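J.: My structure is below; once you've seen it, I'll send some questions.
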Amino acid sequence: MISRRSIDATEQKLDGRTLAGYAAVYGEDSREIVEQGRAFVERIAPGAFGDTLRSSADVKLLYNHDPAALLARTKSGTLKLRSDRNGLAFEASLPETSLGNDVRALLERGDLTGEMSFGFYVEDESWNAKRTERLVKRAKLVEVSIVQDAAYPQTNSSLRSVSAASIEAARLRLELHMQRMIRWTS
């Protein structure tokens, strides 16, 4: 069964049609997840997606996990993925299509806040004794998605722009969003 996890944005920028940030963060707790009737909190171990990144797997960037809403893919070079000490970083070139334009406009307006999600198959995991906490040690990454609602509140995506005014406006929107998130989780 494919698992999907989401993460909130911590940063937004604007650079033409390039979307970038973190699709997954390492070592951070998710919100409560319910799968097959079981509630648990999950963490992704550093390097969990390493096998996928070293292979020639075709990972896709989707809108809301919808395979019909393709925005970019590694096979065509429009999606680049890398793992660093923080998590799974990505950079994608948004297409000049209705969907690409819609996503860009929604990010610019703040209707999409940059929250990201990822779809994967668990290949190696460990659980605590009560099976309420899972550590994903190794996983096959299938897709990353820009979404409205996220399970992981720690990562970012950014739509970058050469316009300093656009960057400043996005930074201010992000600060407001983060203040709301802090109040919501307190």
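Labels used: A, B, ... for chains in the order of the structure tokens, numbers from 1 for residues in each chain, and numbers from 1 for ligands as shown.
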Could you give me, as a ChimeraX atom specification, the residues within 8 Å of Asp124 in chain A, counting only C-alpha atoms and dropping anything in the same chain fewer than 2 positions from it?

T.: /A:122,126,136-139

J.: Could you turn the residues from that selection into a file that holds N, CA and C atoms, as an mmCIF file, in the first residue's frame?

T.:
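What landed in part19.cif:
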```
data_model
loop_
_atom_site.group_PDB
_atom_site.id
_atom_site.type_symbol
_atom_site.label_atom_id
_atom_site.label_comp_id
_atom_site.auth_asym_id
_atom_site.auth_seq_id
_atom_site.Cartn_x
_atom_site.Cartn_y
_atom_site.Cartn_z
ATOM 1 N N VAL A 122 7.022 1.712 2.194
ATOM 2 C CA VAL A 122 7.975 1.424 3.259
ATOM 3 C C VAL A 122 8.719 0.130 2.923
ATOM 4 N N SER A 126 10.867 0.534 11.913
ATOM 5 C CA SER A 126 10.871 0.021 13.281
ATOM 6 C C SER A 126 9.754 0.728 14.038
ATOM 7 N N VAL A 136 10.549 5.264 9.746
ATOM 8 C CA VAL A 136 10.747 4.747 8.390
ATOM 9 C C VAL A 136 12.239 4.846 8.096
ATOM 10 N N LYS A 137 12.898 3.681 8.029
ATOM 11 C CA LYS A 137 14.342 3.643 7.816
ATOM 12 C C LYS A 137 14.715 3.656 6.344
ATOM 13 N N ARG A 138 13.881 3.016 5.526
ATOM 14 C CA ARG A 138 14.134 2.957 4.085
ATOM 15 C C ARG A 138 12.797 2.902 3.377
ATOM 16 N N ALA A 139 12.671 3.697 2.310
ATOM 17 C CA ALA A 139 11.401 3.754 1.586
ATOM 18 C C ALA A 139 11.648 4.006 0.106
#
```

J.: Using only C-alpha atoms, which protein or nucleic acid residues come within 6 Å of range 30-46 of chain A? Drop anything in the same chain fewer than 3 positions from it, and give the result as a PyMOL selection string.

T.: chain A and resi 26-27+132-137+151-152

J.: Nearest residue to Asp111 in chain A out of A:Ser93, A:Val59, A:Gln148, A:Leu71, using only C-alpha atoms?

T.: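 Closest residue, counting only C-alpha atoms: A:Gln148.
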
J.: Go through range 79-125 of chain A and collect every residue that DSSP, computed from the backbone, puts in strand (DSSP E or B); the answer should be as a list in words.

T.: Leu79, Lys80, Leu81, Arg82, Ser83, Gly87, Leu88, Ala89, Phe90, Glu91, Ala92, Ser93, Met116, Ser117, Phe118, Gly119, Phe120, Tyr121, Val122, Glu123, Asp124 and Glu125 of chain A

J.: Run DSSP on the backbone and give me the residues of range 77-159 of chain A it puts in helix (DSSP H, G or I), as a PyMOL selection string.

T.: chain A and resi 98-109

J.: Please produce a file of those selected residues containing all heavy atoms, as a short mmCIF file (atom, residue, chain, number, x, y, z; two decimals), in the first residue's frame.

T.:
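For reference, part-v6.cif as written:
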```cif
data_model
loop_
_atom_site.label_atom_id
_atom_site.label_comp_id
_atom_site.auth_asym_id
_atom_site.auth_seq_id
_atom_site.Cartn_x
_atom_site.Cartn_y
_atom_site.Cartn_z
N SER A 98 -2.22 25.07 -17.98
CA SER A 98 -3.27 25.58 -17.09
C SER A 98 -2.96 25.21 -15.64
O SER A 98 -3.03 26.06 -14.75
CB SER A 98 -4.63 25.02 -17.49
OG SER A 98 -4.99 25.47 -18.77
N LEU A 99 -2.60 23.95 -15.39
CA LEU A 99 -2.31 23.50 -14.03
C LEU A 99 -1.09 24.23 -13.47
O LEU A 99 -1.11 24.72 -12.35
CB LEU A 99 -2.10 22.00 -13.98
CG LEU A 99 -1.74 21.43 -12.61
CD1 LEU A 99 -2.84 21.69 -11.59
CD2 LEU A 99 -1.44 19.94 -12.72
N GLY A 100 -0.01 24.31 -14.24
CA GLY A 100 1.19 25.00 -13.79
C GLY A 100 0.91 26.45 -13.46
O GLY A 100 1.36 26.98 -12.44
N ASN A 101 0.15 27.11 -14.32
CA ASN A 101 -0.22 28.51 -14.07
C ASN A 101 -1.11 28.66 -12.85
O ASN A 101 -0.97 29.60 -12.07
CB ASN A 101 -0.90 29.10 -15.31
CG ASN A 101 0.04 29.21 -16.49
OD1 ASN A 101 1.25 29.30 -16.33
ND2 ASN A 101 -0.52 29.18 -17.68
N ASP A 102 -2.05 27.72 -12.68
CA ASP A 102 -2.94 27.75 -11.51
C ASP A 102 -2.16 27.59 -10.22
O ASP A 102 -2.36 28.33 -9.25
CB ASP A 102 -4.02 26.67 -11.60
CG ASP A 102 -5.06 26.96 -12.66
OD1 ASP A 102 -5.10 28.08 -13.21
OD2 ASP A 102 -5.86 26.03 -12.95
N VAL A 103 -1.25 26.60 -10.18
CA VAL A 103 -0.45 26.37 -8.97
C VAL A 103 0.39 27.61 -8.66
O VAL A 103 0.45 28.06 -7.52
CB VAL A 103 0.42 25.11 -9.13
CG1 VAL A 103 1.49 25.03 -8.05
CG2 VAL A 103 -0.45 23.86 -9.11
N ARG A 104 1.02 28.17 -9.67
CA ARG A 104 1.84 29.37 -9.47
C ARG A 104 0.98 30.51 -8.92
O ARG A 104 1.37 31.18 -7.96
CB ARG A 104 2.49 29.78 -10.80
CG ARG A 104 3.44 30.93 -10.66
CD ARG A 104 4.18 31.16 -11.99
NE ARG A 104 5.26 32.10 -11.83
CZ ARG A 104 5.13 33.41 -11.94
NH1 ARG A 104 3.97 33.95 -12.22
NH2 ARG A 104 6.17 34.19 -11.77
N ALA A 105 -0.19 30.74 -9.51
CA ALA A 105 -1.07 31.83 -9.05
C ALA A 105 -1.55 31.59 -7.62
O ALA A 105 -1.59 32.52 -6.81
CB ALA A 105 -2.27 31.97 -10.00
N LEU A 106 -1.89 30.34 -7.29
CA LEU A 106 -2.35 30.03 -5.93
C LEU A 106 -1.25 30.23 -4.91
O LEU A 106 -1.50 30.67 -3.78
CB LEU A 106 -2.90 28.60 -5.88
CG LEU A 106 -4.21 28.38 -6.63
CD1 LEU A 106 -4.52 26.89 -6.75
CD2 LEU A 106 -5.37 29.12 -5.96
N LEU A 107 -0.01 29.93 -5.27
CA LEU A 107 1.12 30.18 -4.38
C LEU A 107 1.36 31.68 -4.20
O LEU A 107 1.56 32.15 -3.09
CB LEU A 107 2.39 29.52 -4.92
CG LEU A 107 2.48 28.02 -4.70
CD1 LEU A 107 3.53 27.42 -5.63
CD2 LEU A 107 2.78 27.70 -3.25
N GLU A 108 1.31 32.41 -5.29
CA GLU A 108 1.53 33.86 -5.22
C GLU A 108 0.47 34.54 -4.36
O GLU A 108 0.77 35.47 -3.61
CB GLU A 108 1.52 34.47 -6.62
CG GLU A 108 2.76 34.15 -7.43
CD GLU A 108 2.69 34.66 -8.85
OE1 GLU A 108 1.57 34.84 -9.39
OE2 GLU A 108 3.76 34.88 -9.43
N ARG A 109 -0.78 34.09 -4.47
CA ARG A 109 -1.87 34.69 -3.70
C ARG A 109 -1.88 34.24 -2.25
O ARG A 109 -2.55 34.83 -1.41
CB ARG A 109 -3.22 34.31 -4.32
CG ARG A 109 -3.51 34.96 -5.62
CD ARG A 109 -4.75 34.42 -6.29
NE ARG A 109 -5.72 33.78 -5.42
CZ ARG A 109 -7.02 33.99 -5.48
NH1 ARG A 109 -7.51 34.82 -6.37
NH2 ARG A 109 -7.85 33.35 -4.68
#
```

J.: How far is it from CA of Leu62 in chain A to CA of Ser145 in chain A, in Å with one decimal?

T.: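 We find that CA of Leu62 in chain A and CA of Ser145 in chain A lie 4.6 Å from each other.
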